[in-house]
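The structure file structure-v5.pdb is reproduced below (PDB, C-alpha atoms).
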ATOM      1  CA  MET A   1      -7.499  51.599  40.018
ATOM      2  CA  THR A   2      -9.354  50.900  36.779
ATOM      3  CA  LYS A   3     -10.034  47.256  36.177
ATOM      4  CA  LEU A   4      -9.035  46.171  32.683
ATOM      5  CA  PRO A   5     -11.567  44.170  30.683
ATOM      6  CA  GLN A   6     -10.927  40.448  30.707
ATOM      7  CA  MET A   7      -9.617  39.183  27.384
ATOM      8  CA  PRO A   8     -10.948  35.913  26.013
ATOM      9  CA  VAL A   9      -8.650  32.945  26.481
ATOM     10  CA  VAL A  10      -7.588  31.426  23.166
ATOM     11  CA  SER A  11      -5.981  28.009  23.239
ATOM     12  CA  ARG A  12      -2.976  27.228  21.109
ATOM     13  CA  ARG A  13      -5.123  24.815  19.092
ATOM     14  CA  GLY A  14      -7.727  27.477  18.600
ATOM     15  CA  PHE A  15      -5.111  29.975  17.456
ATOM     16  CA  VAL A  16      -3.666  27.498  14.955
ATOM     17  CA  ARG A  17      -7.103  26.637  13.633
ATOM     18  CA  GLY A  18      -7.956  30.283  13.196
ATOM     19  CA  ALA A  19      -4.711  30.984  11.388
ATOM     20  CA  ALA A  20      -5.220  27.973   9.141
ATOM     21  CA  ALA A  21      -8.713  29.112   8.277
ATOM     22  CA  ALA A  22      -7.445  32.588   7.447
ATOM     23  CA  CYS A  23      -4.671  31.224   5.240
ATOM     24  CA  ALA A  24      -7.140  28.997   3.446
ATOM     25  CA  GLY A  25      -9.328  31.899   2.439
ATOM     26  CA  GLY A  26      -8.009  31.754  -1.108
ATOM     27  CA  PHE A  27      -9.557  28.314  -1.672
ATOM     28  CA  LEU A  28     -13.190  27.765  -2.566
ATOM     29  CA  ALA A  29     -13.432  24.820  -0.230
ATOM     30  CA  THR A  30     -15.815  22.697   1.760
ATOM     31  CA  ARG A  31     -15.095  20.965   5.022
ATOM     32  CA  PRO A  32     -15.525  17.211   5.397
ATOM     33  CA  SER A  33     -18.582  16.307   7.419
ATOM     34  CA  ASP A  34     -17.295  13.280   9.300
ATOM     35  CA  SER A  35     -15.978  13.496  12.847
ATOM     36  CA  HIS A  36     -12.359  12.707  12.005
ATOM     37  CA  ALA A  37     -12.191  15.512   9.468
ATOM     38  CA  ALA A  38     -14.001  17.913  11.783
ATOM     39  CA  GLU A  39     -11.439  17.262  14.507
ATOM     40  CA  GLY A  40      -8.592  17.761  12.047
ATOM     41  CA  GLU A  41     -10.079  20.960  10.609
ATOM     42  CA  SER A  42      -9.018  19.745   7.177
ATOM     43  CA  ILE A  43     -10.139  21.624   4.079
ATOM     44  CA  ILE A  44     -11.031  19.898   0.850
ATOM     45  CA  PRO A  45     -10.043  21.732  -2.340
ATOM     46  CA  PRO A  46     -12.801  22.365  -4.902
ATOM     47  CA  GLU A  47     -13.620  19.728  -7.513
ATOM     48  CA  ASP A  48     -11.740  21.602 -10.222
ATOM     49  CA  TYR A  49      -8.534  21.733  -8.154
ATOM     50  CA  ARG A  50      -5.429  20.819 -10.141
ATOM     51  CA  ILE A  51      -1.769  20.403  -9.173
ATOM     52  CA  GLN A  52      -0.087  23.805  -9.223
ATOM     53  CA  HIS A  53       3.657  23.205  -8.818
ATOM     54  CA  GLY A  54       4.247  19.643  -9.993
ATOM     55  CA  ARG A  55       7.707  19.362  -8.430
ATOM     56  CA  VAL A  56       6.630  16.127  -6.743
ATOM     57  CA  LYS A  57       5.759  13.386  -9.234
ATOM     58  CA  GLN A  58       2.541  12.204  -7.619
ATOM     59  CA  SER A  59       1.011   8.753  -7.889
ATOM     60  CA  VAL A  60      -1.721   6.927  -5.954
ATOM     61  CA  MET A  61      -2.173   3.374  -4.699
ATOM     62  CA  SER A  62      -5.639   2.573  -5.986
ATOM     63  CA  TRP A  63      -6.452  -0.230  -3.506
ATOM     64  CA  CYS A  64      -6.898   2.359  -0.748
ATOM     65  CA  PHE A  65      -9.956   3.822  -2.490
ATOM     66  CA  GLN A  66     -11.708   0.603  -3.457
ATOM     67  CA  PRO A  67     -14.472  -0.441  -3.397
ATOM     68  CA  ALA A  68     -15.830   3.041  -2.536
ATOM     69  CA  VAL A  69     -14.371   4.491  -5.749
ATOM     70  CA  SER A  70     -14.284   2.430  -8.928
ATOM     71  CA  PRO A  71     -11.011   2.148 -10.860
ATOM     72  CA  GLU A  72     -12.494   4.141 -13.739
ATOM     73  CA  GLU A  73     -13.618   6.947 -11.413
ATOM     74  CA  LEU A  74     -10.215   7.056  -9.745
ATOM     75  CA  ILE A  75      -8.367   7.157 -13.070
ATOM     76  CA  ASP A  76     -10.554  10.038 -14.229
ATOM     77  CA  ALA A  77     -10.065  11.913 -10.944
ATOM     78  CA  CYS A  78      -6.275  11.491 -11.071
ATOM     79  CA  HIS A  79      -6.217  12.738 -14.640
ATOM     80  CA  ARG A  80      -8.277  15.828 -13.745
ATOM     81  CA  LEU A  81      -5.976  16.526 -10.804
ATOM     82  CA  GLY A  82      -2.949  16.510 -13.114
ATOM     83  CA  MET A  83      -1.312  13.571 -11.356
ATOM     84  CA  HIS A  84       1.723  12.008 -12.969
ATOM     85  CA  ALA A  85       1.005   8.314 -12.420
ATOM     86  CA  MET A  86      -0.980   5.536 -10.733
ATOM     87  CA  GLU A  87      -0.158   2.129  -9.228
ATOM     88  CA  GLY A  88      -1.651  -0.753  -7.260
ATOM     89  CA  ILE A  89      -4.343  -1.241  -9.883
ATOM     90  CA  ASP A  90      -5.281  -4.228 -12.052
ATOM     91  CA  SER A  91      -3.096  -4.297 -15.163
ATOM     92  CA  LYS A  92      -6.190  -4.377 -17.364
ATOM     93  CA  TYR A  93      -6.536  -0.664 -16.571
ATOM     94  CA  TYR A  94      -2.974   0.171 -17.647
ATOM     95  CA  PRO A  95      -4.018   1.078 -21.229
ATOM     96  CA  LEU A  96      -6.634   3.544 -19.960
ATOM     97  CA  ILE A  97      -4.146   5.140 -17.557
ATOM     98  CA  ARG A  98      -1.584   5.569 -20.321
ATOM     99  CA  GLN A  99      -4.272   6.853 -22.691
ATOM    100  CA  LYS A 100      -4.925   9.609 -20.155
ATOM    101  CA  GLY A 101      -1.253  10.586 -20.320
ATOM    102  CA  MET A 102      -0.269   9.108 -16.937
ATOM    103  CA  ALA A 103       2.430   6.552 -16.214
ATOM    104  CA  ILE A 104       2.405   3.295 -14.240
ATOM    105  CA  ALA A 105       4.671   4.254 -11.345
ATOM    106  CA  LEU A 106       5.051   0.768  -9.890
ATOM    107  CA  VAL A 107       4.083  -2.754 -10.931
ATOM    108  CA  SER A 108       2.877  -4.913  -8.038
ATOM    109  CA  GLY A 109       1.589  -8.445  -7.626
ATOM    110  CA  ALA A 110       4.857 -10.302  -8.208
ATOM    111  CA  HIS A 111       4.643 -12.285  -4.958
ATOM    112  CA  GLY A 112       3.033 -10.251  -2.161
ATOM    113  CA  PHE A 113       4.357  -9.306   1.267
ATOM    114  CA  LYS A 114       3.482 -12.642   2.928
ATOM    115  CA  THR A 115       4.984 -15.146   0.493
ATOM    116  CA  GLY A 116       8.412 -13.558   0.232
ATOM    117  CA  PRO A 117      11.803 -15.017  -0.633
ATOM    118  CA  LEU A 118      13.049 -15.488   2.940
ATOM    119  CA  ASP A 119      11.161 -18.805   2.992
ATOM    120  CA  PRO A 120      13.012 -21.260   0.722
ATOM    121  CA  GLU A 121       9.688 -22.875  -0.173
ATOM    122  CA  ASN A 122       8.731 -19.620  -1.924
ATOM    123  CA  ARG A 123      11.912 -19.358  -3.993
ATOM    124  CA  ASP A 124      10.555 -20.471  -7.384
ATOM    125  CA  PHE A 125       7.246 -18.690  -6.851
ATOM    126  CA  CYS A 126       9.014 -15.400  -6.128
ATOM    127  CA  ILE A 127      11.496 -15.705  -8.985
ATOM    128  CA  ASN A 128       8.782 -16.504 -11.523
ATOM    129  CA  GLY A 129       6.545 -13.717 -10.224
ATOM    130  CA  LEU A 130       9.340 -11.153 -10.293
ATOM    131  CA  ARG A 131      10.346 -12.163 -13.823
ATOM    132  CA  LYS A 132       6.789 -11.697 -15.080
ATOM    133  CA  ALA A 133       6.458  -8.357 -13.270
ATOM    134  CA  ILE A 134       9.769  -7.108 -14.685
ATOM    135  CA  ASP A 135       8.636  -7.987 -18.214
ATOM    136  CA  LEU A 136       5.298  -6.254 -17.654
ATOM    137  CA  ALA A 137       6.980  -3.144 -16.243
ATOM    138  CA  ALA A 138       9.288  -2.948 -19.256
ATOM    139  CA  GLU A 139       6.327  -3.422 -21.603
ATOM    140  CA  VAL A 140       4.293  -0.561 -20.119
ATOM    141  CA  GLY A 141       7.237   1.734 -19.398
ATOM    142  CA  SER A 142       7.062   1.471 -15.613
ATOM    143  CA  PRO A 143      10.366   2.092 -13.807
ATOM    144  CA  ASN A 144       9.662  -0.089 -10.766
ATOM    145  CA  VAL A 145       8.518  -3.483  -9.501
ATOM    146  CA  ILE A 146       7.691  -3.952  -5.826
ATOM    147  CA  THR A 147       9.213  -6.760  -3.771
ATOM    148  CA  PHE A 148       9.124  -7.820  -0.110
ATOM    149  CA  THR A 149      11.078 -10.010   2.274
ATOM    150  CA  GLY A 150       8.017 -11.993   3.359
ATOM    151  CA  MET A 151       6.916 -13.072   6.814
ATOM    152  CA  ARG A 152       9.229 -14.691   9.350
ATOM    153  CA  LYS A 153       9.294 -18.485   9.116
ATOM    154  CA  SER A 154       9.836 -20.827  12.023
ATOM    155  CA  GLY A 155      13.180 -22.572  11.654
ATOM    156  CA  VAL A 156      14.647 -19.917   9.323
ATOM    157  CA  SER A 157      17.299 -17.869  11.135
ATOM    158  CA  ASP A 158      17.858 -14.203  10.399
ATOM    159  CA  GLU A 159      21.160 -15.046   8.727
ATOM    160  CA  GLN A 160      19.491 -17.626   6.490
ATOM    161  CA  ALA A 161      16.556 -15.306   5.773
ATOM    162  CA  ASP A 162      18.955 -12.621   4.552
ATOM    163  CA  LYS A 163      20.775 -15.137   2.381
ATOM    164  CA  ASN A 164      17.552 -16.500   0.867
ATOM    165  CA  CYS A 165      16.239 -13.037  -0.002
ATOM    166  CA  ILE A 166      19.503 -11.867  -1.527
ATOM    167  CA  GLU A 167      19.840 -15.024  -3.635
ATOM    168  CA  VAL A 168      16.360 -14.586  -5.139
ATOM    169  CA  TRP A 169      16.898 -10.918  -5.943
ATOM    170  CA  LYS A 170      20.313 -11.595  -7.445
ATOM    171  CA  GLU A 171      18.754 -14.337  -9.579
ATOM    172  CA  VAL A 172      16.454 -11.859 -11.338
ATOM    173  CA  MET A 173      18.800  -8.885 -11.259
ATOM    174  CA  PRO A 174      20.392  -9.473 -14.689
ATOM    175  CA  GLN A 175      16.913  -9.368 -16.236
ATOM    176  CA  ALA A 176      16.006  -6.201 -14.300
ATOM    177  CA  GLU A 177      19.246  -4.534 -15.365
ATOM    178  CA  GLN A 178      18.780  -5.525 -18.998
ATOM    179  CA  LYS A 179      15.171  -4.263 -19.023
ATOM    180  CA  GLY A 180      15.951  -1.076 -17.093
ATOM    181  CA  VAL A 181      13.525  -1.929 -14.282
ATOM    182  CA  THR A 182      14.236  -1.370 -10.576
ATOM    183  CA  LEU A 183      13.171  -3.777  -7.824
ATOM    184  CA  CYS A 184      11.929  -1.756  -4.841
ATOM    185  CA  LEU A 185      12.032  -3.529  -1.488
ATOM    186  CA  GLU A 186       9.282  -2.244   0.767
ATOM    187  CA  HIS A 187       9.899  -1.827   4.472
ATOM    188  CA  LEU A 188       6.721  -2.487   6.551
ATOM    189  CA  ASN A 189       5.846  -1.878  10.176
ATOM    190  CA  THR A 190       5.125  -4.753  12.576
ATOM    191  CA  ARG A 191       3.808  -2.663  15.476
ATOM    192  CA  ASP A 192       0.261  -1.869  14.346
ATOM    193  CA  ASP A 193      -2.071  -4.859  14.630
ATOM    194  CA  SER A 194      -5.307  -2.867  14.464
ATOM    195  CA  HIS A 195      -6.002  -3.467  10.765
ATOM    196  CA  PRO A 196      -4.572  -5.904   8.178
ATOM    197  CA  MET A 197      -3.273  -3.046   6.031
ATOM    198  CA  LYS A 198      -2.098  -0.667   8.760
ATOM    199  CA  GLY A 199       0.602  -2.985  10.091
ATOM    200  CA  HIS A 200       2.037  -6.415   9.391
ATOM    201  CA  PRO A 201       3.088  -8.302  12.552
ATOM    202  CA  GLY A 202       5.588 -10.992  11.654
ATOM    203  CA  TYR A 203       7.010  -9.245   8.581
ATOM    204  CA  TYR A 204      10.761  -9.731   8.384
ATOM    205  CA  GLY A 205      11.852  -6.472   6.731
ATOM    206  CA  ASP A 206      10.550  -4.158   9.448
ATOM    207  CA  ASP A 207      13.793  -2.261  10.088
ATOM    208  CA  VAL A 208      14.657   0.265   7.386
ATOM    209  CA  ASP A 209      18.385   0.157   8.157
ATOM    210  CA  HIS A 210      18.344  -3.631   7.765
ATOM    211  CA  CYS A 211      16.525  -3.280   4.423
ATOM    212  CA  ILE A 212      19.200  -0.886   3.214
ATOM    213  CA  ASP A 213      21.838  -3.428   4.211
ATOM    214  CA  LEU A 214      20.087  -6.135   2.155
ATOM    215  CA  ILE A 215      19.918  -3.775  -0.834
ATOM    216  CA  LYS A 216      23.631  -2.990  -0.550
ATOM    217  CA  ARG A 217      24.435  -6.695  -0.480
ATOM    218  CA  VAL A 218      22.514  -7.273  -3.729
ATOM    219  CA  ASP A 219      24.907  -4.682  -5.151
ATOM    220  CA  SER A 220      23.007  -3.477  -8.210
ATOM    221  CA  PRO A 221      21.754  -0.048  -9.269
ATOM    222  CA  ARG A 222      18.458  -1.792 -10.040
ATOM    223  CA  MET A 223      17.822  -2.811  -6.418
ATOM    224  CA  LYS A 224      16.447  -0.008  -4.244
ATOM    225  CA  LEU A 225      14.193   0.788  -1.287
ATOM    226  CA  LEU A 226      10.514   1.608  -1.308
ATOM    227  CA  PHE A 227      10.663   4.254   1.411
ATOM    228  CA  ASP A 228       7.169   4.170   2.920
ATOM    229  CA  ILE A 229       7.101   7.216   5.193
ATOM    230  CA  TYR A 230       4.197   5.818   7.216
ATOM    231  CA  HIS A 231       6.015   2.565   8.022
ATOM    232  CA  VAL A 232       9.395   4.220   8.559
ATOM    233  CA  GLN A 233       7.958   6.673  11.070
ATOM    234  CA  ILE A 234       6.280   3.909  13.079
ATOM    235  CA  MET A 235       9.327   1.630  13.200
ATOM    236  CA  ASN A 236      12.330   3.935  13.018
ATOM    237  CA  GLY A 237      11.350   7.619  12.990
ATOM    238  CA  ASP A 238      13.835  10.371  12.169
ATOM    239  CA  VAL A 239      12.299  10.489   8.690
ATOM    240  CA  ILE A 240      14.010  13.522   7.164
ATOM    241  CA  ARG A 241      17.454  12.495   8.391
ATOM    242  CA  ARG A 242      16.957   9.002   6.946
ATOM    243  CA  ILE A 243      15.803  10.443   3.621
ATOM    244  CA  ARG A 244      19.002  12.472   3.417
ATOM    245  CA  GLN A 245      21.077   9.486   4.505
ATOM    246  CA  TYR A 246      19.539   6.981   2.094
ATOM    247  CA  VAL A 247      18.350   9.078  -0.858
ATOM    248  CA  ASP A 248      20.701   7.287  -3.264
ATOM    249  CA  TYR A 249      19.016   3.982  -2.359
ATOM    250  CA  ILE A 250      15.403   5.203  -2.524
ATOM    251  CA  GLY A 251      13.566   4.095  -5.658
ATOM    252  CA  HIS A 252       9.978   4.899  -4.695
ATOM    253  CA  VAL A 253       8.068   6.618  -1.869
ATOM    254  CA  HIS A 254       4.677   6.056  -0.216
ATOM    255  CA  THR A 255       2.813   8.408   2.124
ATOM    256  CA  ALA A 256      -0.039   8.297   4.659
ATOM    257  CA  GLY A 257      -1.104  10.054   7.818
ATOM    258  CA  ILE A 258       0.353   8.722  11.062
ATOM    259  CA  PRO A 259      -0.752   7.020  13.285
ATOM    260  CA  GLY A 260      -4.039   6.295  11.536
ATOM    261  CA  ARG A 261      -2.897   5.634   7.951
ATOM    262  CA  CYS A 262      -5.572   8.138   7.049
ATOM    263  CA  GLU A 263      -5.641  11.623   5.570
ATOM    264  CA  MET A 264      -2.537  13.767   6.083
ATOM    265  CA  ASP A 265      -4.317  16.473   8.064
ATOM    266  CA  ASP A 266      -3.570  18.286  11.308
ATOM    267  CA  THR A 267      -4.690  15.334  13.451
ATOM    268  CA  GLN A 268      -1.599  13.421  12.321
ATOM    269  CA  GLU A 269       1.937  13.651  13.656
ATOM    270  CA  LEU A 270       4.116  14.357  10.614
ATOM    271  CA  ASN A 271       4.639  17.606   8.711
ATOM    272  CA  TYR A 272       4.384  16.276   5.169
ATOM    273  CA  PRO A 273       5.193  19.498   3.294
ATOM    274  CA  ALA A 274       8.501  19.706   5.173
ATOM    275  CA  ILE A 275       9.248  16.043   4.428
ATOM    276  CA  LEU A 276       8.470  16.470   0.725
ATOM    277  CA  ARG A 277      10.651  19.557   0.487
ATOM    278  CA  ALA A 278      13.504  17.672   2.171
ATOM    279  CA  LEU A 279      13.036  14.801  -0.287
ATOM    280  CA  LEU A 280      13.308  17.157  -3.258
ATOM    281  CA  GLU A 281      16.241  19.034  -1.762
ATOM    282  CA  ALA A 282      18.070  15.721  -1.280
ATOM    283  CA  GLY A 283      17.798  15.158  -5.031
ATOM    284  CA  TYR A 284      15.043  12.518  -5.197
ATOM    285  CA  LYS A 285      13.412  12.463  -8.651
ATOM    286  CA  GLY A 286      11.143   9.413  -8.464
ATOM    287  CA  TYR A 287       7.435   9.009  -7.778
ATOM    288  CA  VAL A 288       5.678   9.704  -4.478
ATOM    289  CA  ALA A 289       2.409   7.803  -4.044
ATOM    290  CA  GLN A 290      -0.622   8.571  -1.911
ATOM    291  CA  GLU A 291      -1.265   5.374   0.075
ATOM    292  CA  PHE A 292      -3.608   6.517   2.819
ATOM    293  CA  ILE A 293      -6.933   4.846   3.611
ATOM    294  CA  PRO A 294      -9.558   7.613   3.324
ATOM    295  CA  THR A 295     -11.891   8.040   6.275
ATOM    296  CA  TRP A 296     -13.776  11.094   5.048
ATOM    297  CA  GLU A 297     -17.181  10.730   3.437
ATOM    298  CA  ASP A 298     -15.885  12.442   0.286
ATOM    299  CA  LYS A 299     -13.190   9.966  -0.784
ATOM    300  CA  LEU A 300     -12.105  11.882  -3.874
ATOM    301  CA  GLY A 301     -12.130  15.060  -1.815
ATOM    302  CA  ALA A 302      -9.692  13.341   0.540
ATOM    303  CA  LEU A 303      -7.474  12.555  -2.453
ATOM    304  CA  ARG A 304      -7.575  16.180  -3.606
ATOM    305  CA  HIS A 305      -6.580  17.240  -0.097
ATOM    306  CA  GLY A 306      -3.638  14.817  -0.073
ATOM    307  CA  VAL A 307      -2.513  15.928  -3.518
ATOM    308  CA  ARG A 308      -2.530  19.560  -2.448
ATOM    309  CA  VAL A 309      -0.586  18.772   0.755
ATOM    310  CA  MET A 310       2.130  17.129  -1.334
ATOM    311  CA  ASP A 311       2.270  19.776  -4.056
ATOM    312  CA  VAL A 312       5.122  21.731  -2.487
TER     313      VAL A 312
END
Produce structure tokens that represent the structure in this file.
Amino acid sequence: MTKLPQMPVVSRRGFVRGAAAACAGGFLATRPSDSHAAEGESIIPPEDYRIQHGRVKQSVMSWCFQPAVSPEELIDACHRLGMHAMEGIDSKYYPLIRQKGMAIALVSGAHGFKTGPLDPENRDFCINGLRKAIDLAAEVGSPNVITFTGMRKSGVSDEQADKNCIEVWKEVMPQAEQKGVTLCLEHLNTRDDSHPMKGHPGYYGDDVDHCIDLIKRVDSPRMKLLFDIYHVQIMNGDVIRRIRQYVDYIGHVHTAGIPGRCEMDDTQELNYPAILRALLEAGYKGYVAQEFIPTWEDKLGALRHGVRVMDV
């Protein structure tokens, strides 16, 4: 009996990597040099890469790239990529962003995620901050202002926390409605304590279904959810089903790789192209912002990679 030659054993990971490399042949690309990127086999698009489809209105949270990338460098890179908007950047850069033909997707800085309205001591601070942010958003043509519940406070029950938050939001809602600006309540995870911006132990609004309930109780078309896919996956999961369930209440979206809040490559657990397609199919028309913390040496290359992943 003739002995057949032994075939090389190819692991499933190896097969997927090979297929990915073959599919990527159309891109003039370089691979990141750091270990995380090498493990993920991620491919960085060339420097002249530009959004091809544009069905997703892409934005970026600038804080993630600072101080490695200056605001001016990031604005220029976003413009060259053909991005629609930016956010999470000092308002002094708003004129430059608009000069480049991009929008301000979201105005932040009204009160922060720690000093939220659940604590009655923060009531006036939050109301004044939200009023100023709403005026600024209207002035620069931004559709959204971010808001938070704040951190849990000893002595404040859940029932009272809900009541305090709703009262503050209802207080500013007539102004938001008159100015055509939407308050977006961001849901944050409380599980990750590895980094101050990867998780927020003690944050009250850590259940997305609870956040939706608060929004419904405010009862205004100008009160919606900031659906942060990273935080939702960590706390609740079932991302696509929740997008379909809550699309009418979603005013803004953030993205990042999970579990590391890093690049959205094949080392992370979510299939972002599928999620973005589901978001579009559900009828979402708002902005989707890159809010990952880049770990690759080429920070702007990481942004180009994320932009291409989301350009479905």
Expand the PyMOL selection byres ((chain A and resi 83) around 8) into the explicit residue set it covers here, and present it as a PDB file with C-alpha atoms, in the coordinates of the input.
ATOM      1  CA  ILE A  51      -1.769  20.403  -9.173  1.00  0.00           C
ATOM      2  CA  LYS A  57       5.759  13.386  -9.234  1.00  0.00           C
ATOM      3  CA  GLN A  58       2.541  12.204  -7.619  1.00  0.00           C
ATOM      4  CA  SER A  59       1.011   8.753  -7.889  1.00  0.00           C
ATOM      5  CA  CYS A  78      -6.275  11.491 -11.071  1.00  0.00           C
ATOM      6  CA  HIS A  79      -6.217  12.738 -14.640  1.00  0.00           C
ATOM      7  CA  ARG A  80      -8.277  15.828 -13.745  1.00  0.00           C
ATOM      8  CA  LEU A  81      -5.976  16.526 -10.804  1.00  0.00           C
ATOM      9  CA  GLY A  82      -2.949  16.510 -13.114  1.00  0.00           C
ATOM     10  CA  HIS A  84       1.723  12.008 -12.969  1.00  0.00           C
ATOM     11  CA  ALA A  85       1.005   8.314 -12.420  1.00  0.00           C
ATOM     12  CA  MET A 102      -0.269   9.108 -16.937  1.00  0.00           C
TER      13      MET A 102
END
Pick from A:Ala161, A:Ile229, A:Met235, A:Ile275 nearest to Gln290 (chain A), counting all atoms listed in the file: A:Ile229
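Applied to the file shown here, the PyMOL selection byres ((chain A and resi 244) around 12) selects Phe227, Asp238, Val239, Ile240, Arg241, Arg242, Ile243, Gln245, Tyr246, Val247, Asp248, Tyr249, Ile250, Ile275, Leu276, Arg277, Ala278, Leu279, Leu280, Glu281, Ala282, Gly283 and Tyr284 of chain A.
With only C-alpha atoms as the atoms that count, the minimum distance from Asp213 (chain A) to the choices A:Asn128, A:Lys163, A:Pro273, A:Tyr93 is reached by A:Lys163.
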Neighbour list for His187 (chain A) as a compact mmCIF listing (two decimals) with C-alpha atoms, keeping the file's coordinate frame, cut-off 9 Å, only C-alpha atoms, skip fewer than 6 positions in-chain:
# COMPACT_ATOMS: atom_id res chain seq x y z
CA PHE A 148 9.12 -7.82 -0.11
CA THR A 149 11.08 -10.01 2.27
CA TYR A 203 7.01 -9.24 8.58
CA TYR A 204 10.76 -9.73 8.38
CA GLY A 205 11.85 -6.47 6.73
CA ASP A 206 10.55 -4.16 9.45
CA ASP A 207 13.79 -2.26 10.09
CA VAL A 208 14.66 0.26 7.39
CA CYS A 211 16.52 -3.28 4.42
CA LEU A 225 14.19 0.79 -1.29
CA LEU A 226 10.51 1.61 -1.31
CA PHE A 227 10.66 4.25 1.41
CA ASP A 228 7.17 4.17 2.92
CA HIS A 231 6.02 2.56 8.02
CA VAL A 232 9.40 4.22 8.56
